[in-house]
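Quick look at my_file.json (JSON, C-alpha atoms):
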[["chain", "number", "residue", "atom", "x", "y", "z"],
["A", 32, "MET", "CA", 72.45, 123.61, 80.21],
["A", 33, "ASP", "CA", 75.94, 122.23, 79.65],
["A", 34, "ASP", "CA", 78.37, 125.12, 80.24],
["A", 35, "HIS", "CA", 81.46, 123.22, 79.12],
["A", 36, "MET", "CA", 84.27, 125.47, 77.86],
["A", 37, "TYR", "CA", 84.64, 123.47, 74.66],
["A", 38, "ARG", "CA", 81.10, 124.34, 73.59],
["A", 39, "TRP", "CA", 82.49, 127.78, 72.69],
["A", 40, "PRO", "CA", 85.12, 127.19, 69.96],
["A", 41, "GLN", "CA", 85.34, 130.88, 69.00],
["A", 42, "TYR", "CA", 86.30, 131.92, 72.51],
["A", 43, "TYR", "CA", 88.65, 128.97, 72.72],
["A", 44, "ASP", "CA", 90.46, 130.05, 69.54],
["A", 45, "TRP", "CA", 90.64, 133.68, 70.60],
["A", 46, "THR", "CA", 92.26, 132.82, 73.93],
["A", 47, "SER", "CA", 94.15, 129.53, 73.42],
["A", 48, "ASP", "CA", 97.14, 129.98, 71.15],
["A", 49, "GLY", "CA", 99.06, 126.98, 72.44],
["A", 50, "LEU", "CA", 102.52, 126.65, 73.94],
["A", 51, "ASP", "CA", 105.71, 128.11, 72.53],
["A", 52, "GLY", "CA", 107.03, 125.82, 69.79],
["A", 53, "ASP", "CA", 104.41, 123.08, 70.09],
["A", 54, "VAL", "CA", 103.04, 123.15, 66.53],
["A", 55, "THR", "CA", 106.57, 123.11, 65.06],
["A", 56, "TYR", "CA", 107.53, 120.17, 67.29],
["A", 57, "TYR", "CA", 104.52, 118.04, 66.34],
["A", 58, "ALA", "CA", 104.79, 118.99, 62.65],
["A", 59, "HIS", "CA", 108.45, 117.89, 62.67],
["A", 60, "LEU", "CA", 107.48, 114.50, 64.13],
["A", 61, "ALA", "CA", 104.70, 114.19, 61.55],
["A", 62, "MET", "CA", 107.11, 114.82, 58.68],
["A", 63, "GLU", "CA", 109.60, 112.32, 60.14],
["A", 64, "SER", "CA", 106.85, 109.69, 60.36],
["A", 65, "GLY", "CA", 105.57, 110.36, 56.85],
["A", 66, "GLY", "CA", 102.01, 110.03, 58.13],
["A", 67, "PRO", "CA", 99.25, 109.32, 58.53],
["A", 68, "VAL", "CA", 99.03, 110.89, 62.00],
["A", 69, "LEU", "CA", 96.32, 110.36, 64.61],
["A", 70, "GLU", "CA", 95.73, 113.35, 66.90],
["A", 71, "LEU", "CA", 93.62, 112.83, 70.01],
["A", 72, "GLY", "CA", 91.97, 115.85, 71.60],
["A", 73, "CYS", "CA", 92.42, 117.82, 68.38],
["A", 74, "GLY", "CA", 90.13, 120.69, 69.41],
["A", 75, "THR", "CA", 89.63, 123.18, 66.59],
["A", 76, "GLY", "CA", 92.56, 121.74, 64.66],
["A", 77, "ARG", "CA", 95.44, 124.08, 65.50],
["A", 78, "CYS", "CA", 98.06, 121.30, 65.61],
["A", 79, "SER", "CA", 96.31, 119.02, 63.10],
["A", 80, "LEU", "CA", 96.32, 121.76, 60.47],
["A", 81, "GLY", "CA", 99.91, 122.60, 61.35],
["A", 82, "MET", "CA", 100.83, 119.05, 60.35],
["A", 83, "ALA", "CA", 98.51, 118.91, 57.35],
["A", 84, "ARG", "CA", 100.16, 122.03, 55.89],
["A", 85, "HIS", "CA", 103.19, 119.85, 55.20],
["A", 86, "GLY", "CA", 101.17, 117.41, 53.09],
["A", 87, "ILE", "CA", 100.69, 114.92, 55.94],
["A", 88, "GLU", "CA", 97.41, 113.01, 56.26],
["A", 89, "VAL", "CA", 95.90, 113.69, 59.68],
["A", 90, "VAL", "CA", 92.97, 112.10, 61.52],
["A", 91, "GLY", "CA", 91.79, 114.45, 64.28],
["A", 92, "VAL", "CA", 89.61, 113.10, 67.11],
["A", 93, "ASP", "CA", 87.70, 115.15, 69.68],
["A", 94, "ARG", "CA", 84.65, 114.34, 71.75],
["A", 95, "GLN", "CA", 83.14, 117.85, 71.46],
["A", 96, "PRO", "CA", 81.13, 118.24, 68.22],
["A", 97, "GLU", "CA", 81.45, 122.04, 68.21],
["A", 98, "MET", "CA", 85.25, 121.75, 68.13],
["A", 99, "ILE", "CA", 85.20, 119.18, 65.33],
["A", 100, "GLN", "CA", 82.83, 121.35, 63.25],
["A", 101, "THR", "CA", 85.14, 124.35, 63.63],
["A", 102, "ALA", "CA", 88.22, 122.28, 62.70],
["A", 103, "GLN", "CA", 86.45, 121.06, 59.57],
["A", 104, "LYS", "CA", 85.53, 124.61, 58.51],
["A", 105, "LYS", "CA", 89.13, 125.74, 59.04],
["A", 106, "ALA", "CA", 90.49, 122.87, 56.96],
["A", 107, "GLU", "CA", 88.10, 123.72, 54.12],
["A", 108, "ALA", "CA", 89.03, 127.42, 54.28],
["A", 109, "MET", "CA", 92.73, 126.53, 54.12],
["A", 110, "GLY", "CA", 92.30, 124.03, 51.30],
["A", 111, "LEU", "CA", 93.46, 121.19, 53.56],
["A", 112, "ASP", "CA", 90.23, 119.20, 53.76],
["A", 113, "ARG", "CA", 91.66, 116.39, 51.57],
["A", 114, "GLN", "CA", 94.49, 115.83, 54.04],
["A", 115, "CYS", "CA", 92.24, 115.88, 57.12],
["A", 116, "GLN", "CA", 89.62, 113.53, 58.49],
["A", 117, "TRP", "CA", 87.68, 114.61, 61.59],
["A", 118, "VAL", "CA", 86.13, 112.13, 64.03],
["A", 119, "CYS", "CA", 83.84, 113.02, 66.93],
["A", 120, "GLY", "CA", 84.71, 110.34, 69.46],
["A", 121, "ASP", "CA", 86.06, 109.39, 72.87],
["A", 122, "MET", "CA", 89.79, 108.70, 73.07],
["A", 123, "THR", "CA", 89.24, 106.08, 75.80],
["A", 124, "GLN", "CA", 87.37, 103.71, 73.46],
["A", 125, "LEU", "CA", 88.31, 104.63, 69.91],
["A", 126, "GLN", "CA", 88.09, 101.95, 67.21],
["A", 127, "LEU", "CA", 89.23, 103.28, 63.83],
["A", 128, "GLY", "CA", 90.29, 99.94, 62.38],
["A", 129, "ARG", "CA", 93.66, 101.23, 61.18],
["A", 130, "ARG", "CA", 97.16, 101.86, 62.51],
["A", 131, "PHE", "CA", 99.37, 104.93, 62.48],
["A", 132, "PRO", "CA", 103.14, 105.47, 62.70],
["A", 133, "LEU", "CA", 102.49, 108.50, 64.94],
["A", 134, "VAL", "CA", 99.84, 109.30, 67.55],
["A", 135, "VAL", "CA", 99.95, 112.71, 69.27],
["A", 136, "ILE", "CA", 98.04, 114.34, 72.13],
["A", 137, "PRO", "CA", 99.11, 118.01, 72.13],
["A", 138, "TYR", "CA", 98.23, 120.86, 74.47],
["A", 139, "ARG", "CA", 97.85, 118.75, 77.63],
["A", 140, "SER", "CA", 94.61, 117.14, 76.44],
["A", 141, "PHE", "CA", 95.55, 113.89, 78.22],
["A", 142, "LEU", "CA", 94.81, 115.72, 81.50],
["A", 143, "HIS", "CA", 91.09, 115.77, 80.71],
["A", 144, "LEU", "CA", 91.02, 112.05, 81.56],
["A", 145, "LEU", "CA", 89.79, 112.21, 85.15],
["A", 146, "ARG", "CA", 90.34, 108.61, 86.29],
["A", 147, "VAL", "CA", 93.33, 106.28, 86.18],
["A", 148, "LYS", "CA", 91.10, 103.77, 84.36],
["A", 149, "ASP", "CA", 90.43, 106.37, 81.62],
["A", 150, "GLN", "CA", 94.15, 107.09, 81.32],
["A", 151, "LEU", "CA", 95.04, 103.41, 80.97],
["A", 152, "ASP", "CA", 92.16, 102.73, 78.58],
["A", 153, "THR", "CA", 93.37, 105.58, 76.38],
["A", 154, "LEU", "CA", 96.99, 104.41, 76.39],
["A", 155, "ARG", "CA", 95.92, 100.87, 75.51],
["A", 156, "THR", "CA", 93.66, 102.21, 72.76],
["A", 157, "ILE", "CA", 96.61, 104.18, 71.39],
["A", 158, "ARG", "CA", 98.76, 101.06, 71.45],
["A", 159, "ASP", "CA", 96.11, 99.28, 69.37],
["A", 160, "HIS", "CA", 96.24, 102.12, 66.81],
["A", 161, "LEU", "CA", 100.05, 102.30, 66.54],
["A", 162, "THR", "CA", 102.16, 100.43, 64.03],
["A", 163, "GLU", "CA", 104.63, 97.97, 65.56],
["A", 164, "ASP", "CA", 107.38, 100.59, 65.82],
["A", 165, "GLY", "CA", 105.05, 103.60, 65.99],
["A", 166, "LEU", "CA", 105.55, 106.62, 68.23],
["A", 167, "LEU", "CA", 103.29, 108.26, 70.81],
["A", 168, "ALA", "CA", 104.12, 111.90, 71.61],
["A", 169, "PHE", "CA", 102.33, 114.19, 74.05],
["A", 170, "ASN", "CA", 102.89, 116.92, 76.62],
["A", 171, "LEU", "CA", 101.67, 117.75, 80.13],
["A", 172, "PHE", "CA", 102.37, 120.52, 82.60],
["A", 173, "VAL", "CA", 104.40, 119.57, 85.66],
["A", 174, "PRO", "CA", 102.26, 120.13, 88.80],
["A", 175, "ASP", "CA", 103.41, 123.06, 90.95],
["A", 176, "LEU", "CA", 101.93, 122.46, 94.40],
["A", 177, "ALA", "CA", 102.86, 125.92, 95.71],
["A", 178, "GLN", "CA", 101.01, 127.57, 92.81],
["A", 179, "MET", "CA", 98.00, 125.29, 93.33],
["A", 180, "VAL", "CA", 97.77, 126.29, 96.99],
["A", 181, "GLU", "CA", 98.01, 129.95, 96.02],
["A", 182, "GLU", "CA", 95.27, 129.68, 93.38],
["A", 183, "ASP", "CA", 92.89, 127.35, 95.23],
["A", 184, "GLU", "CA", 89.39, 128.86, 95.64],
["A", 185, "ARG", "CA", 90.51, 132.16, 94.16],
["A", 186, "LEU", "CA", 89.68, 134.04, 90.97],
["A", 187, "VAL", "CA", 92.80, 134.24, 88.81],
["A", 188, "ASN", "CA", 93.26, 136.61, 85.85],
["A", 189, "ARG", "CA", 94.54, 134.65, 82.82],
["A", 190, "GLY", "CA", 95.03, 137.70, 80.64],
["A", 191, "GLN", "CA", 93.50, 139.86, 77.92],
["A", 192, "PHE", "CA", 93.35, 138.63, 74.31],
["A", 193, "PRO", "CA", 92.68, 140.65, 71.15],
["A", 194, "ILE", "CA", 90.01, 139.34, 68.78],
["A", 195, "PRO", "CA", 91.59, 139.16, 65.30],
["A", 196, "GLY", "CA", 90.18, 141.59, 62.76],
["A", 197, "THR", "CA", 88.46, 143.75, 65.39],
["A", 198, "ARG", "CA", 89.33, 146.22, 68.13],
["A", 199, "GLU", "CA", 87.59, 144.03, 70.69],
["A", 200, "VAL", "CA", 89.30, 142.05, 73.44],
["A", 201, "VAL", "CA", 88.43, 139.08, 75.63],
["A", 202, "GLU", "CA", 89.41, 138.91, 79.29],
["A", 203, "VAL", "CA", 89.72, 135.48, 80.93],
["A", 204, "HIS", "CA", 89.40, 134.67, 84.64],
["A", 205, "ASP", "CA", 89.53, 131.23, 86.25],
["A", 206, "TYR", "CA", 88.11, 130.13, 89.58],
["A", 207, "MET", "CA", 90.02, 127.01, 90.64],
["A", 208, "GLU", "CA", 89.11, 124.28, 93.12],
["A", 209, "TYR", "CA", 91.56, 121.45, 93.78],
["A", 210, "ASP", "CA", 90.91, 117.99, 95.16],
["A", 211, "HIS", "CA", 94.42, 116.76, 95.95],
["A", 212, "PHE", "CA", 93.25, 113.31, 97.04],
["A", 213, "TYR", "CA", 92.02, 112.57, 93.51],
["A", 214, "GLN", "CA", 94.53, 114.98, 91.88],
["A", 215, "GLN", "CA", 91.68, 116.82, 90.19],
["A", 216, "ALA", "CA", 91.05, 120.46, 89.43],
["A", 217, "SER", "CA", 87.61, 121.91, 88.72],
["A", 218, "VAL", "CA", 87.77, 125.20, 86.84],
["A", 219, "ILE", "CA", 85.06, 127.79, 86.26],
["A", 220, "ARG", "CA", 86.29, 129.94, 83.38],
["A", 221, "TYR", "CA", 84.76, 133.37, 82.78],
["A", 222, "TYR", "CA", 85.10, 134.97, 79.35],
["A", 223, "GLU", "CA", 84.17, 138.65, 79.01],
["A", 224, "ARG", "CA", 84.26, 140.39, 75.64],
["A", 225, "PHE", "CA", 84.77, 144.17, 75.51],
["A", 226, "SER", "CA", 84.41, 146.75, 72.76],
["A", 227, "ALA", "CA", 87.25, 149.14, 71.91],
["A", 228, "GLU", "CA", 85.52, 151.66, 74.20],
["A", 229, "GLY", "CA", 85.56, 149.22, 77.13],
["A", 230, "VAL", "CA", 81.87, 148.32, 77.00],
["A", 231, "SER", "CA", 81.11, 144.74, 78.07],
["A", 232, "LEU", "CA", 79.49, 143.00, 75.09],
["A", 233, "GLU", "CA", 79.16, 139.42, 76.36],
["A", 234, "ARG", "CA", 80.06, 137.40, 79.45],
["A", 235, "LEU", "CA", 80.21, 133.60, 79.53],
["A", 236, "ARG", "CA", 80.51, 131.29, 82.51],
["A", 237, "THR", "CA", 82.06, 127.99, 81.39],
["A", 238, "SER", "CA", 83.72, 125.06, 83.09],
["A", 239, "PHE", "CA", 86.19, 122.22, 82.63],
["A", 240, "ALA", "CA", 87.98, 119.67, 84.78],
["A", 241, "MET", "CA", 91.37, 117.99, 84.66],
["A", 242, "ARG", "CA", 93.45, 115.47, 86.54],
["A", 243, "TYR", "CA", 97.05, 116.56, 87.04],
["A", 244, "ILE", "CA", 99.78, 113.92, 86.82],
["A", 245, "PHE", "CA", 103.23, 113.84, 88.39],
["A", 246, "PRO", "CA", 106.14, 112.82, 86.11],
["A", 247, "THR", "CA", 107.05, 109.56, 87.87],
["A", 248, "GLU", "CA", 103.37, 108.59, 87.94],
["A", 249, "LEU", "CA", 103.14, 109.13, 84.19],
["A", 250, "PHE", "CA", 106.11, 106.87, 83.54],
["A", 251, "HIS", "CA", 104.48, 104.13, 85.61],
["A", 252, "LEU", "CA", 101.23, 104.57, 83.64],
["A", 253, "LEU", "CA", 103.08, 104.22, 80.34],
["A", 254, "ASP", "CA", 104.91, 101.14, 81.54],
["A", 255, "ARG", "CA", 101.71, 99.51, 82.77],
["A", 256, "ALA", "CA", 100.01, 100.21, 79.43],
["A", 257, "GLY", "CA", 102.82, 98.54, 77.48],
["A", 258, "PHE", "CA", 104.99, 101.50, 76.46],
["A", 259, "HIS", "CA", 108.62, 102.40, 76.99],
["A", 260, "VAL", "CA", 109.80, 106.00, 76.96],
["A", 261, "VAL", "CA", 112.36, 106.79, 74.28],
["A", 262, "LYS", "CA", 112.72, 110.55, 74.88],
["A", 263, "ARG", "CA", 111.61, 113.13, 77.39],
["A", 264, "TYR", "CA", 112.09, 116.88, 77.28],
["A", 265, "GLY", "CA", 111.39, 119.93, 79.38],
["A", 266, "GLY", "CA", 110.10, 121.85, 76.35],
["A", 267, "PHE", "CA", 109.51, 121.74, 72.61],
["A", 268, "ARG", "CA", 113.06, 122.65, 71.62],
["A", 269, "GLY", "CA", 114.73, 119.64, 73.19],
["A", 270, "GLU", "CA", 115.37, 121.25, 76.58],
["A", 271, "PRO", "CA", 116.46, 118.60, 79.11],
["A", 272, "PHE", "CA", 113.77, 117.53, 81.57],
["A", 273, "GLY", "CA", 114.65, 118.08, 85.23],
["A", 274, "PRO", "CA", 113.43, 119.33, 88.62],
["A", 275, "GLY", "CA", 112.97, 122.89, 87.33],
["A", 276, "SER", "CA", 110.93, 121.93, 84.24],
["A", 277, "GLU", "CA", 107.41, 123.31, 83.94],
["A", 278, "GLU", "CA", 106.46, 121.10, 80.98],
["A", 279, "LEU", "CA", 107.03, 117.41, 80.28],
["A", 280, "VAL", "CA", 107.18, 116.34, 76.63],
["A", 281, "VAL", "CA", 107.24, 112.56, 76.23],
["A", 282, "GLU", "CA", 107.91, 110.26, 73.29],
["A", 283, "ALA", "CA", 107.12, 106.58, 73.85],
["A", 284, "LYS", "CA", 106.92, 103.40, 71.78],
["A", 285, "PRO", "CA", 105.16, 100.07, 72.29],
["A", 286, "ALA", "CA", 107.35, 97.93, 74.54],
["A", 287, "HIS", "CA", 108.87, 94.79, 73.09],
["A", 288, "GLU", "CA", 110.62, 92.11, 75.11],
["A", 289, "GLY", "CA", 114.27, 92.86, 75.75],
["A", 290, "ARG", "CA", 114.10, 96.55, 74.89],
["A", 291, "ALA", "CA", 114.36, 99.18, 77.61],
["A", 292, "GLY", "CA", 113.60, 102.87, 77.40],
["A", 293, "GLU", "CA", 114.87, 105.81, 79.40],
["A", 294, "PRO", "CA", 114.75, 105.55, 83.18],
["A", 295, "ALA", "CA", 112.03, 107.29, 85.14],
["A", 296, "PRO", "CA", 112.73, 110.92, 86.13],
["A", 297, "ASP", "CA", 113.95, 109.94, 89.59],
["A", 298, "GLY", "CA", 116.20, 107.17, 88.50]]

Would you mind writing the structure in this file as structure tokens?
Amino acid sequence: MDDHMYRWPQYYDWTSDGLDGDVTYYAHLAMESGGPVLELGCGTGRCSLGMARHGIEVVGVDRQPEMIQTAQKKAEAMGLDRQCQWVCGDMTQLQLGRRFPLVVIPYRSFLHLLRVKDQLDTLRTIRDHLTEDGLLAFNLFVPDLAQMVEEDERLVNRGQFPIPGTREVVEVHDYMEYDHFYQQASVIRYYERFSAEGVSLERLRTSFAMRYIFPTELFHLLDRAGFHVVKRYGGFRGEPFGPGSEELVVEAKPAHEGRAGEPAPDG
């Protein structure tokens, strides 16, 4: 049976509350664009609904049907279903037949593309879905090689998370394996749900994989796919990006002849 982490949207929502300031950042871009907004890797709709709350039309795309179904239920419960359209599809080969002034990929979802071909196919697909002066915005973590070495082939505690409306909690542990040649990480994620008395109620063994990307590499990918970077940050509040940054937030536009963007991080 497929044990993919994204088959369990409830556990995902209980334990994945995003990054500090990310919903506000993407909602601000959405309001500036006026919509509609295309979100790739929308999951259960956390960022999509954060944009839709401001009256923006959002099209959310995810390849996992369980995530899309949960997002749809949330939108209906919040009275936002008219603003939201949900598409179960693959971001590498999307064909919606329309263009958007803003495309976003929040919460590091771009890292689930495990091959350079997939990354380039996705960026070119995005370019086909952007208006002439449209904006692509997304964020990735900056690889920390020392941390990867420390966590490799070890079980790492990711924390304890309360389940809203109950006295139960979920504990999360990850077992990480890195393949540095292909820049890939395979993760076995264990969820264990406990009662208020500490009794184990359920334990799940799930998995996911990602391909980490170094900043300079990302800028080359964008350039090769026909984009130029207009802004880059080290966080969602406009922090400057530099050697000590743990997150890279990028805004890029389709490249047009004679127009240059920001230089790569090393130059």

Inset, instruction - Using all atoms listed in the file, determine which residues lie at most 8 Å from segment 172-184 of chain A, disregarding the query and same-chain residues fewer than 5 positions distant; provide the list as a list in words. - result: Arg139, Tyr206, Met207, Glu208, Tyr209, Tyr243, Ile244, Phe245, Pro246, Ser276, Glu277, Glu278 and Leu279 of chain A

Inset, instruction - Compile the contact shell of segment 37-50 of chain A as a PyMOL selection string: residues with an atom at most 6 Å away, counting all atoms listed in the file, same-chain residues fewer than 4 positions apart removed. - result: chain A and resi 97-98+192+194

Inset, instruction - Would you work out the distance separating atom CA of Gln116 of chain A from atom CA of Gly65 of chain A, expressed in Å to one decimal? - result: 16.3 Å

Inset, instruction - Quick one: everything within 12 Å of Leu249 of chain A, counting all atoms listed in the file, minus sequence neighbours fewer than 6 positions away in the same chain. Send it as an MDAnalysis selection string. - result: chainID A and resid 141:142 147 150:151 154 169:174 242:243 255:256 258:260 263 279:283 295:296

Inset, instruction - May I ask which of the residues A:Ser226, A:Ser231, A:Gln103, A:Ser140 is the closest one to Val118 of chain A, counting all atoms listed in the file? - result: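 Using all atoms listed in the file, the shortest distance to Val118 of chain A belongs to A:Gln103.
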
Legend entry - Nearest to His35 of chain A, chosen from A:His143, A:Thr156, A:Arg236, A:Leu253, with all atoms listed in the file counted in the distances: A:Arg236

Legend entry - Point-to-point distance in Å for atom CA of Gly190 of chain A and atom CA of His204 of chain A: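 Result for atom CA of His204 of chain A versus atom CA of Gly190 of chain A: 7.5 Å, one decimal.
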
Inset, instruction - Provide the atom CA of Ala102 of chain A to atom CA of Asn188 of chain A distance in Å, to one decimal place. - result: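 For atom CA of Ala102 of chain A relative to atom CA of Asn188 of chain A, the distance reads 27.7 Å.
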
Inset, instruction - Determine the nearest neighbour of Gly110 of chain A from the options A:Gly86, A:Gly128, A:Gly196, A:Gly91, counting all atoms listed in the file. - result: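 Ranking A:Gly86, A:Gly128, A:Gly196, A:Gly91 by distance to Gly110 of chain A, first place goes to A:Gly86.
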
Inset, instruction - Show which residues sit within 7 Å of Gly72 of chain A, as an NGL selection string. Count all atoms listed in the file, and ignore same-chain residues fewer than 5 positions away. - result: :A and (92-93 or 136 or 140)

Legend entry - Of the listed residues A:Arg129, A:Glu202, A:Glu88, A:Phe239, that which approaches Glu223 of chain A most closely, counting only C-alpha atoms: A:Glu202

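Of the residues under consideration (A:Val89, A:Gln214, A:Pro195, A:Leu161), A:Gln214 shows the shortest atom-to-atom contact distance to Glu248 of chain A when counting all atoms listed in the file.
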